[in-house]
$ cat data-v4.cif   # mmCIF, C-alpha atoms
data_protein
#
loop_
_atom_site.label_atom_id
_atom_site.label_comp_id
_atom_site.auth_asym_id
_atom_site.auth_seq_id
_atom_site.Cartn_x
_atom_site.Cartn_y
_atom_site.Cartn_z
CA MET K 1 0.19 -3.42 17.10
CA ASP K 2 -1.72 -6.26 18.71
CA LEU K 3 -1.43 -9.62 16.93
CA LYS K 4 -4.94 -10.78 17.82
CA GLY K 5 -6.88 -11.65 14.69
CA LYS K 6 -3.83 -11.27 12.44
CA THR K 7 -2.61 -13.91 10.00
CA VAL K 8 1.04 -14.76 10.57
CA GLY K 9 3.06 -16.88 8.19
CA PHE K 10 5.49 -18.90 10.29
CA ALA K 11 8.27 -20.16 8.04
CA ILE K 12 10.53 -22.83 9.51
CA THR K 13 13.97 -23.75 8.18
CA GLY K 14 16.46 -26.42 9.23
CA SER K 15 18.09 -25.10 12.39
CA PHE K 16 16.82 -28.20 14.15
CA CYS K 17 18.35 -27.38 17.54
CA THR K 18 15.93 -24.45 17.91
CA PHE K 19 12.71 -26.36 17.19
CA SER K 20 11.80 -26.78 20.88
CA ALA K 21 12.00 -23.00 21.39
CA ILE K 22 9.90 -22.46 18.25
CA LYS K 23 7.18 -24.74 19.64
CA LYS K 24 6.83 -22.47 22.69
CA GLU K 25 6.42 -19.38 20.51
CA LEU K 26 3.80 -21.08 18.34
CA GLU K 27 1.83 -21.91 21.50
CA ILE K 28 2.02 -18.30 22.70
CA LEU K 29 0.83 -16.98 19.32
CA LYS K 30 -2.06 -19.44 19.24
CA LYS K 31 -3.17 -18.35 22.74
CA ARG K 32 -3.32 -14.78 21.39
CA ASP K 33 -5.87 -15.79 18.73
CA VAL K 34 -3.42 -15.50 15.87
CA ASN K 35 -4.09 -17.39 12.65
CA ILE K 36 -0.76 -19.12 11.99
CA ILE K 37 0.07 -20.54 8.57
CA PRO K 38 3.10 -22.87 8.82
CA ILE K 39 5.56 -22.92 5.94
CA PHE K 40 8.43 -25.41 5.83
CA SER K 41 11.70 -25.52 3.96
CA PHE K 42 12.37 -28.87 2.29
CA ASN K 43 14.94 -29.77 4.95
CA ALA K 44 12.77 -28.84 7.94
CA TYR K 45 9.88 -30.81 6.45
CA ASN K 46 11.81 -33.96 5.56
CA ILE K 47 14.99 -34.52 7.59
CA ASP K 48 15.06 -36.59 10.77
CA THR K 49 17.82 -35.52 13.17
CA ARG K 50 19.04 -36.19 16.69
CA PHE K 51 16.51 -33.54 17.76
CA GLY K 52 13.56 -35.59 16.49
CA LYS K 53 11.67 -36.94 13.52
CA ALA K 54 10.52 -34.47 10.90
CA GLU K 55 7.11 -36.11 10.66
CA ASP K 56 6.49 -35.66 14.39
CA PHE K 57 7.51 -31.99 14.32
CA VAL K 58 5.37 -31.23 11.27
CA LYS K 59 2.39 -32.98 12.88
CA TYR K 60 2.85 -30.95 16.08
CA VAL K 61 3.06 -27.65 14.17
CA GLU K 62 -0.03 -28.45 12.11
CA GLU K 63 -1.99 -29.45 15.23
CA ILE K 64 -1.06 -26.33 17.25
CA THR K 65 -1.69 -23.98 14.33
CA GLU K 66 -4.80 -25.82 13.13
CA ASN K 67 -3.57 -25.29 9.57
CA LYS K 68 -2.06 -27.57 6.99
CA SER K 69 1.54 -26.68 6.28
CA VAL K 70 2.83 -25.20 3.05
CA ASN K 71 5.73 -27.37 1.93
CA THR K 72 6.11 -26.92 -1.82
CA ILE K 73 7.26 -23.99 -3.91
CA ALA K 74 4.01 -24.12 -5.89
CA GLU K 75 1.94 -23.72 -2.69
CA ALA K 76 4.19 -20.93 -1.41
CA GLU K 77 3.89 -18.89 -4.60
CA LYS K 78 0.35 -17.84 -3.61
CA PHE K 79 1.66 -15.54 -0.87
CA GLY K 80 2.71 -12.92 -3.40
CA PRO K 81 -0.33 -11.99 -5.43
CA ASN K 82 -3.03 -12.83 -2.89
CA ASP K 83 -2.15 -10.70 0.18
CA ILE K 84 -2.78 -13.65 2.51
CA LEU K 85 -0.47 -12.71 5.38
CA ASP K 86 -0.33 -9.66 7.62
CA ILE K 87 3.26 -10.55 8.52
CA LEU K 88 5.74 -13.35 7.84
CA ILE K 89 8.44 -14.64 10.16
CA ILE K 90 11.26 -17.01 9.28
CA ALA K 91 12.02 -18.78 12.55
CA PRO K 92 14.53 -20.25 12.71
CA CYS K 93 16.29 -18.66 9.76
CA THR K 94 19.45 -20.56 8.87
CA GLY K 95 22.50 -18.89 7.39
CA ASN K 96 21.76 -20.69 4.12
CA THR K 97 18.24 -19.23 3.94
CA LEU K 98 19.52 -15.80 5.00
CA ALA K 99 22.15 -15.76 2.25
CA LYS K 100 19.76 -16.98 -0.42
CA PHE K 101 17.06 -14.46 0.52
CA ASN K 102 19.57 -11.60 0.49
CA ASN K 103 20.69 -12.66 -2.98
CA GLY K 104 17.22 -13.20 -4.48
CA ILE K 105 17.30 -17.00 -4.63
CA THR K 106 13.90 -18.69 -4.25
CA ASP K 107 14.53 -22.43 -4.32
CA THR K 108 12.53 -23.49 -1.23
CA PRO K 109 8.93 -22.91 -0.09
CA VAL K 110 10.17 -20.56 2.65
CA LEU K 111 12.12 -18.41 0.21
CA MET K 112 9.27 -18.32 -2.31
CA ALA K 113 6.84 -17.27 0.43
CA ALA K 114 9.25 -14.58 1.66
CA LYS K 115 9.86 -13.21 -1.83
CA GLY K 116 6.15 -13.02 -2.59
CA HIS K 117 5.31 -11.54 0.79
CA VAL K 118 7.84 -8.70 0.71
CA ARG K 119 6.62 -7.83 -2.76
CA THR K 120 3.37 -6.72 -1.10
CA GLY K 121 5.17 -4.22 1.15
CA ARG K 122 4.26 -6.10 4.31
CA PRO K 123 6.78 -6.84 7.08
CA LEU K 124 9.12 -9.82 7.14
CA VAL K 125 10.74 -10.82 10.44
CA ILE K 126 13.93 -12.89 10.60
CA SER K 127 14.82 -14.98 13.64
CA VAL K 128 18.41 -15.81 12.81
CA SER K 129 20.14 -19.04 13.82
CA THR K 130 23.49 -19.53 12.14
CA ASN K 131 26.98 -20.69 13.03
CA ASP K 132 28.50 -18.16 10.62
CA ALA K 133 26.69 -14.92 11.52
CA LEU K 134 29.98 -13.20 12.29
CA GLY K 135 31.70 -14.91 9.36
CA MET K 136 30.41 -15.46 5.83
CA ASN K 137 26.85 -14.35 6.69
CA PHE K 138 27.82 -11.09 8.37
CA LYS K 139 27.44 -9.22 5.08
CA ASN K 140 23.98 -10.73 4.52
CA ILE K 141 22.79 -9.74 7.98
CA GLY K 142 24.12 -6.21 7.42
CA SER K 143 22.42 -5.94 4.06
CA LEU K 144 19.07 -7.19 5.37
CA LEU K 145 19.21 -4.92 8.42
CA ASN K 146 19.24 -2.10 5.88
CA THR K 147 16.35 -3.47 3.79
CA LYS K 148 12.92 -1.86 3.94
CA ASN K 149 10.23 -3.94 5.68
CA VAL K 150 12.72 -6.53 6.97
CA PHE K 151 13.03 -6.76 10.75
CA PHE K 152 15.10 -8.96 13.07
CA VAL K 153 14.29 -10.73 16.31
CA PRO K 154 17.09 -9.54 18.64
CA PHE K 155 20.03 -11.93 18.51
CA GLY K 156 23.44 -12.53 20.05
CA GLN K 157 26.32 -14.93 20.34
CA ASP K 158 25.21 -18.26 21.75
CA ASN K 159 28.63 -19.75 22.54
CA CYS K 160 31.37 -17.20 21.92
CA PHE K 161 34.25 -19.47 22.95
CA ALA K 162 33.39 -22.75 21.22
CA LYS K 163 31.62 -21.11 18.25
CA PRO K 164 32.85 -17.51 18.01
CA ASN K 165 30.99 -16.74 14.74
CA SER K 166 27.67 -18.24 15.84
CA MET K 167 24.63 -16.11 16.65
CA ILE K 168 21.07 -17.03 17.52
CA ALA K 169 17.87 -15.07 18.03
CA HIS K 170 16.30 -14.62 21.44
CA THR K 171 13.14 -16.50 20.48
CA GLU K 172 11.33 -15.29 23.58
CA LEU K 173 11.26 -11.91 21.81
CA ILE K 174 9.43 -13.19 18.72
CA VAL K 175 6.02 -11.89 19.81
CA PRO K 176 7.14 -8.34 20.70
CA THR K 177 9.22 -8.21 17.51
CA LEU K 178 6.19 -9.19 15.43
CA GLU K 179 4.05 -6.58 17.17
CA MET K 180 6.53 -3.80 16.50
CA ALA K 181 7.19 -4.92 12.93
CA LEU K 182 3.46 -4.61 12.20
CA ASP K 183 3.98 -0.92 13.03
CA LYS K 184 7.08 -0.94 10.76
CA LYS K 185 9.44 -0.54 13.72
CA GLN K 186 12.53 -2.55 14.61
CA ILE K 187 12.59 -3.71 18.23
CA GLN K 188 15.72 -2.49 20.02
CA PRO K 189 18.36 -3.41 20.86
CA VAL K 190 18.85 -5.71 17.88
CA ILE K 191 22.04 -7.30 19.18
CA ILE K 192 21.91 -8.43 22.80
#
$ encode --input "data-v4.cif" --output "structure tokens"
Amino acid sequence: MDLKGKTVGFAITGSFCTFSAIKKELEILKKRDVNIIPIFSFNAYNIDTRFGKAEDFVKYVEEITENKSVNTIAEAEKFGPNDILDILIIAPCTGNTLAKFNNGITDTPVLMAAKGHVRTGRPLVISVSTNDALGMNFKNIGSLLNTKNVFFVPFGQDNCFAKPNSMIAHTELIVPTLEMALDKKQIQPVII
């Protein structure tokens, strides 16, 4: 399904090394006339890292999306009862967020938005970025791959020798994954 005219929730968690790739995808979505509502985890919204200052990244995201970001649990709660989003993506989705979502924990704005959104039966897309995908989070990925209305951006090992358990999404496939998820289909192959 074409994304033009759709409202996409773009939830960002603290896999800071992927923020530059996320910027590119936000630009592509905006060029396709997508209404993007940014949602930040507490860490993504507040922590400065070697990859940049949080304030600068938030400002960039708000400027490109032309929307104020959602960065509190109270603001994120509205996504459940109000049917605001056509689709929600968590990109990047850390292992911490993945595990919490799989276990029903809603202690960040991203998790609250995701919980409320899936309650409406609309699609949720996960763009995984975790150093323990083939370790402690393997069971969470497996469980969510088998969950109705949850879809994954194709992912694979990013450095199999130095970090053998680490996997990261192919962010260049975010747009086609969103399009297929709107039709309730998982893009294939999932693991590349």
$ residues_near_point --input "data-v4.cif" --point "(13.2, -19.7, 0.8)" --cutoff "10 Å" --atoms "only C-alpha atoms" --output "PDB file with C-alpha atoms, in the frame of the given file"
ATOM      1  CA  ALA K  11       8.270 -20.160   8.040  1.00  0.00           C
ATOM      2  CA  ILE K  12      10.530 -22.830   9.510  1.00  0.00           C
ATOM      3  CA  THR K  13      13.970 -23.750   8.180  1.00  0.00           C
ATOM      4  CA  ILE K  39       5.560 -22.920   5.940  1.00  0.00           C
ATOM      5  CA  PHE K  40       8.430 -25.410   5.830  1.00  0.00           C
ATOM      6  CA  SER K  41      11.700 -25.520   3.960  1.00  0.00           C
ATOM      7  CA  PHE K  42      12.370 -28.870   2.290  1.00  0.00           C
ATOM      8  CA  ILE K  73       7.260 -23.990  -3.910  1.00  0.00           C
ATOM      9  CA  ALA K  76       4.190 -20.930  -1.410  1.00  0.00           C
ATOM     10  CA  ILE K  90      11.260 -17.010   9.280  1.00  0.00           C
ATOM     11  CA  CYS K  93      16.290 -18.660   9.760  1.00  0.00           C
ATOM     12  CA  ASN K  96      21.760 -20.690   4.120  1.00  0.00           C
ATOM     13  CA  THR K  97      18.240 -19.230   3.940  1.00  0.00           C
ATOM     14  CA  LEU K  98      19.520 -15.800   5.000  1.00  0.00           C
ATOM     15  CA  ALA K  99      22.150 -15.760   2.250  1.00  0.00           C
ATOM     16  CA  LYS K 100      19.760 -16.980  -0.420  1.00  0.00           C
ATOM     17  CA  PHE K 101      17.060 -14.460   0.520  1.00  0.00           C
ATOM     18  CA  GLY K 104      17.220 -13.200  -4.480  1.00  0.00           C
ATOM     19  CA  ILE K 105      17.300 -17.000  -4.630  1.00  0.00           C
ATOM     20  CA  THR K 106      13.900 -18.690  -4.250  1.00  0.00           C
ATOM     21  CA  ASP K 107      14.530 -22.430  -4.320  1.00  0.00           C
ATOM     22  CA  THR K 108      12.530 -23.490  -1.230  1.00  0.00           C
ATOM     23  CA  PRO K 109       8.930 -22.910  -0.090  1.00  0.00           C
ATOM     24  CA  VAL K 110      10.170 -20.560   2.650  1.00  0.00           C
ATOM     25  CA  LEU K 111      12.120 -18.410   0.210  1.00  0.00           C
ATOM     26  CA  MET K 112       9.270 -18.320  -2.310  1.00  0.00           C
ATOM     27  CA  ALA K 113       6.840 -17.270   0.430  1.00  0.00           C
ATOM     28  CA  ALA K 114       9.250 -14.580   1.660  1.00  0.00           C
ATOM     29  CA  LYS K 115       9.860 -13.210  -1.830  1.00  0.00           C
TER      30      LYS K 115
END
$ closest_residue --input "data-v4.cif" --among "K:Thr7, K:Leu124, K:Pro189, K:Pro176" --to "Asn67 in chain K" --atoms "all atoms listed in the file"
K:Thr7
$ closest_residue --input "data-v4.cif" --among "K:Cys17, K:Ile126, K:Ile36, K:Val70" --to "Phe51 in chain K" --atoms "all atoms listed in the file"
K:Cys17
$ resolve_selection --input "data-v4.cif" --expression "the PyMOL selection byres ((chain K and resi 169) around 10)" --output "ChimeraX atom specification"
/K:18,91-93,126-130,152-158,167-168,170-174,190-192
$ resolve_selection --input "data-v4.cif" --expression "the PyMOL selection byres ((chain K and resi 181) around 10)" --output "list in words"
Met1, Ile87, Leu88, Arg122, Pro123, Leu124, Val125, Asn149, Val150, Phe151, Phe152, Val153, Val175, Pro176, Thr177, Leu178, Glu179, Met180, Leu182, Asp183, Lys184, Lys185, Gln186 and Ile187 of chain K
$ resolve_selection --input "data-v4.cif" --expression "the PyMOL selection byres ((chain K and resi 61) around 12)" --output "mmCIF file with C-alpha atoms, keeping the file's coordinate frame"
data_model
loop_
_atom_site.group_PDB
_atom_site.id
_atom_site.type_symbol
_atom_site.label_atom_id
_atom_site.label_comp_id
_atom_site.auth_asym_id
_atom_site.auth_seq_id
_atom_site.Cartn_x
_atom_site.Cartn_y
_atom_site.Cartn_z
ATOM 1 C CA PHE K 10 5.490 -18.900 10.290
ATOM 2 C CA ALA K 11 8.270 -20.160 8.040
ATOM 3 C CA ILE K 12 10.530 -22.830 9.510
ATOM 4 C CA PHE K 19 12.710 -26.360 17.190
ATOM 5 C CA SER K 20 11.800 -26.780 20.880
ATOM 6 C CA ILE K 22 9.900 -22.460 18.250
ATOM 7 C CA LYS K 23 7.180 -24.740 19.640
ATOM 8 C CA LYS K 24 6.830 -22.470 22.690
ATOM 9 C CA GLU K 25 6.420 -19.380 20.510
ATOM 10 C CA LEU K 26 3.800 -21.080 18.340
ATOM 11 C CA GLU K 27 1.830 -21.910 21.500
ATOM 12 C CA LYS K 30 -2.060 -19.440 19.240
ATOM 13 C CA ILE K 36 -0.760 -19.120 11.990
ATOM 14 C CA ILE K 37 0.070 -20.540 8.570
ATOM 15 C CA PRO K 38 3.100 -22.870 8.820
ATOM 16 C CA ILE K 39 5.560 -22.920 5.940
ATOM 17 C CA PHE K 40 8.430 -25.410 5.830
ATOM 18 C CA ALA K 44 12.770 -28.840 7.940
ATOM 19 C CA TYR K 45 9.880 -30.810 6.450
ATOM 20 C CA ALA K 54 10.520 -34.470 10.900
ATOM 21 C CA GLU K 55 7.110 -36.110 10.660
ATOM 22 C CA ASP K 56 6.490 -35.660 14.390
ATOM 23 C CA PHE K 57 7.510 -31.990 14.320
ATOM 24 C CA VAL K 58 5.370 -31.230 11.270
ATOM 25 C CA LYS K 59 2.390 -32.980 12.880
ATOM 26 C CA TYR K 60 2.850 -30.950 16.080
ATOM 27 C CA GLU K 62 -0.030 -28.450 12.110
ATOM 28 C CA GLU K 63 -1.990 -29.450 15.230
ATOM 29 C CA ILE K 64 -1.060 -26.330 17.250
ATOM 30 C CA THR K 65 -1.690 -23.980 14.330
ATOM 31 C CA GLU K 66 -4.800 -25.820 13.130
ATOM 32 C CA ASN K 67 -3.570 -25.290 9.570
ATOM 33 C CA LYS K 68 -2.060 -27.570 6.990
ATOM 34 C CA SER K 69 1.540 -26.680 6.280
ATOM 35 C CA VAL K 70 2.830 -25.200 3.050
#
$ closest_residue --input "data-v4.cif" --among "K:His117, K:Lys53, K:Lys163, K:Lys148" --to "Pro81 in chain K" --atoms "only C-alpha atoms"
K:His117
$ residues_around --input "data-v4.cif" --residues "Ala133 in chain K" --least-positions-apart "6" --cutoff "8 Å" --atoms "all atoms listed in the file" --output "list in words"
Gly95, Ile141, Asn165, Ser166 and Met167 of chain K
$ closest_residue --input "data-v4.cif" --among "K:Ser15, K:Ala21, K:Gln188, K:Leu29" --to "Arg50 in chain K" --atoms "only C-alpha atoms"
K:Ser15
$ atom_distance --input "data-v4.cif" --atom1 "CA of Asn102 in chain K" --atom2 "CA of Glu77 in chain K"
18.0 Å
$ atom_distance --input "data-v4.cif" --atom1 "CA of Ser143 in chain K" --atom2 "CA of Asp2 in chain K"
28.2 Å
$ atom_distance --input "data-v4.cif" --atom1 "CA of Leu144 in chain K" --atom2 "CA of Asp132 in chain K"
15.4 Å
$ axis_aligned_box --input "data-v4.cif" --around "range 116-135 of chain K" --padding-each-side "8 Å" --output "lines of an AutoDock Vina configuration file"
center_x = 17.5
center_y = -12.5
center_z = 5.5
size_x = 44.3
size_y = 32.5
size_z = 32.6
$ build_atoms --input "data-v4.cif" --residues "range 126-148 of chain K" --atoms "N, CA and C atoms" --output "PDB file, in the frame of the given file"
ATOM      1  N   ILE K 126      12.929 -11.823  10.667  1.00  0.00           N
ATOM      2  CA  ILE K 126      13.930 -12.890  10.600  1.00  0.00           C
ATOM      3  C   ILE K 126      14.400 -13.204  12.021  1.00  0.00           C
ATOM      4  N   SER K 127      14.320 -14.481  12.360  1.00  0.00           N
ATOM      5  CA  SER K 127      14.820 -14.980  13.640  1.00  0.00           C
ATOM      6  C   SER K 127      16.041 -15.843  13.336  1.00  0.00           C
ATOM      7  N   VAL K 128      17.188 -15.197  13.309  1.00  0.00           N
ATOM      8  CA  VAL K 128      18.410 -15.810  12.810  1.00  0.00           C
ATOM      9  C   VAL K 128      18.927 -16.926  13.730  1.00  0.00           C
ATOM     10  N   SER K 129      19.486 -17.955  13.106  1.00  0.00           N
ATOM     11  CA  SER K 129      20.140 -19.040  13.820  1.00  0.00           C
ATOM     12  C   SER K 129      21.211 -19.615  12.900  1.00  0.00           C
ATOM     13  N   THR K 130      22.435 -19.108  13.048  1.00  0.00           N
ATOM     14  CA  THR K 130      23.490 -19.530  12.140  1.00  0.00           C
ATOM     15  C   THR K 130      24.855 -19.553  12.813  1.00  0.00           C
ATOM     16  N   ASN K 131      25.626 -20.567  12.480  1.00  0.00           N
ATOM     17  CA  ASN K 131      26.980 -20.690  13.030  1.00  0.00           C
ATOM     18  C   ASN K 131      27.967 -19.740  12.371  1.00  0.00           C
ATOM     19  N   ASP K 132      27.561 -19.060  11.294  1.00  0.00           N
ATOM     20  CA  ASP K 132      28.500 -18.160  10.620  1.00  0.00           C
ATOM     21  C   ASP K 132      27.990 -16.721  10.517  1.00  0.00           C
ATOM     22  N   ALA K 133      27.225 -16.293  11.520  1.00  0.00           N
ATOM     23  CA  ALA K 133      26.690 -14.920  11.520  1.00  0.00           C
ATOM     24  C   ALA K 133      27.800 -13.875  11.525  1.00  0.00           C
ATOM     25  N   LEU K 134      28.870 -14.146  12.225  1.00  0.00           N
ATOM     26  CA  LEU K 134      29.980 -13.200  12.290  1.00  0.00           C
ATOM     27  C   LEU K 134      31.095 -13.586  11.318  1.00  0.00           C
ATOM     28  N   GLY K 135      30.773 -14.487  10.408  1.00  0.00           N
ATOM     29  CA  GLY K 135      31.700 -14.910   9.360  1.00  0.00           C
ATOM     30  C   GLY K 135      31.104 -14.593   8.009  1.00  0.00           C
ATOM     31  N   MET K 136      30.894 -15.634   7.196  1.00  0.00           N
ATOM     32  CA  MET K 136      30.410 -15.460   5.830  1.00  0.00           C
ATOM     33  C   MET K 136      29.043 -14.772   5.748  1.00  0.00           C
ATOM     34  N   ASN K 137      28.196 -14.935   6.750  1.00  0.00           N
ATOM     35  CA  ASN K 137      26.850 -14.350   6.690  1.00  0.00           C
ATOM     36  C   ASN K 137      26.756 -12.954   7.277  1.00  0.00           C
ATOM     37  N   PHE K 138      27.846 -12.431   7.787  1.00  0.00           N
ATOM     38  CA  PHE K 138      27.820 -11.090   8.370  1.00  0.00           C
ATOM     39  C   PHE K 138      27.352 -10.055   7.356  1.00  0.00           C
ATOM     40  N   LYS K 139      27.833 -10.174   6.126  1.00  0.00           N
ATOM     41  CA  LYS K 139      27.440  -9.220   5.080  1.00  0.00           C
ATOM     42  C   LYS K 139      25.950  -9.333   4.746  1.00  0.00           C
ATOM     43  N   ASN K 140      25.402 -10.544   4.810  1.00  0.00           N
ATOM     44  CA  ASN K 140      23.980 -10.730   4.520  1.00  0.00           C
ATOM     45  C   ASN K 140      23.103 -10.141   5.624  1.00  0.00           C
ATOM     46  N   ILE K 141      23.519 -10.337   6.864  1.00  0.00           N
ATOM     47  CA  ILE K 141      22.790  -9.740   7.980  1.00  0.00           C
ATOM     48  C   ILE K 141      22.813  -8.214   7.855  1.00  0.00           C
ATOM     49  N   GLY K 142      23.988  -7.662   7.581  1.00  0.00           N
ATOM     50  CA  GLY K 142      24.120  -6.210   7.420  1.00  0.00           C
ATOM     51  C   GLY K 142      23.244  -5.674   6.309  1.00  0.00           C
ATOM     52  N   SER K 143      23.234  -6.371   5.198  1.00  0.00           N
ATOM     53  CA  SER K 143      22.420  -5.940   4.060  1.00  0.00           C
ATOM     54  C   SER K 143      20.928  -5.990   4.400  1.00  0.00           C
ATOM     55  N   LEU K 144      20.501  -7.056   5.050  1.00  0.00           N
ATOM     56  CA  LEU K 144      19.070  -7.190   5.370  1.00  0.00           C
ATOM     57  C   LEU K 144      18.637  -6.251   6.488  1.00  0.00           C
ATOM     58  N   LEU K 145      19.547  -5.924   7.399  1.00  0.00           N
ATOM     59  CA  LEU K 145      19.210  -4.920   8.420  1.00  0.00           C
ATOM     60  C   LEU K 145      18.914  -3.573   7.791  1.00  0.00           C
ATOM     61  N   ASN K 146      19.412  -3.358   6.595  1.00  0.00           N
ATOM     62  CA  ASN K 146      19.240  -2.100   5.880  1.00  0.00           C
ATOM     63  C   ASN K 146      18.176  -2.194   4.782  1.00  0.00           C
ATOM     64  N   THR K 147      17.364  -3.247   4.815  1.00  0.00           N
ATOM     65  CA  THR K 147      16.350  -3.470   3.790  1.00  0.00           C
ATOM     66  C   THR K 147      14.972  -3.081   4.322  1.00  0.00           C
ATOM     67  N   LYS K 148      14.257  -2.329   3.554  1.00  0.00           N
ATOM     68  CA  LYS K 148      12.920  -1.860   3.940  1.00  0.00           C
ATOM     69  C   LYS K 148      11.998  -3.052   4.203  1.00  0.00           C
TER      70      LYS K 148
END
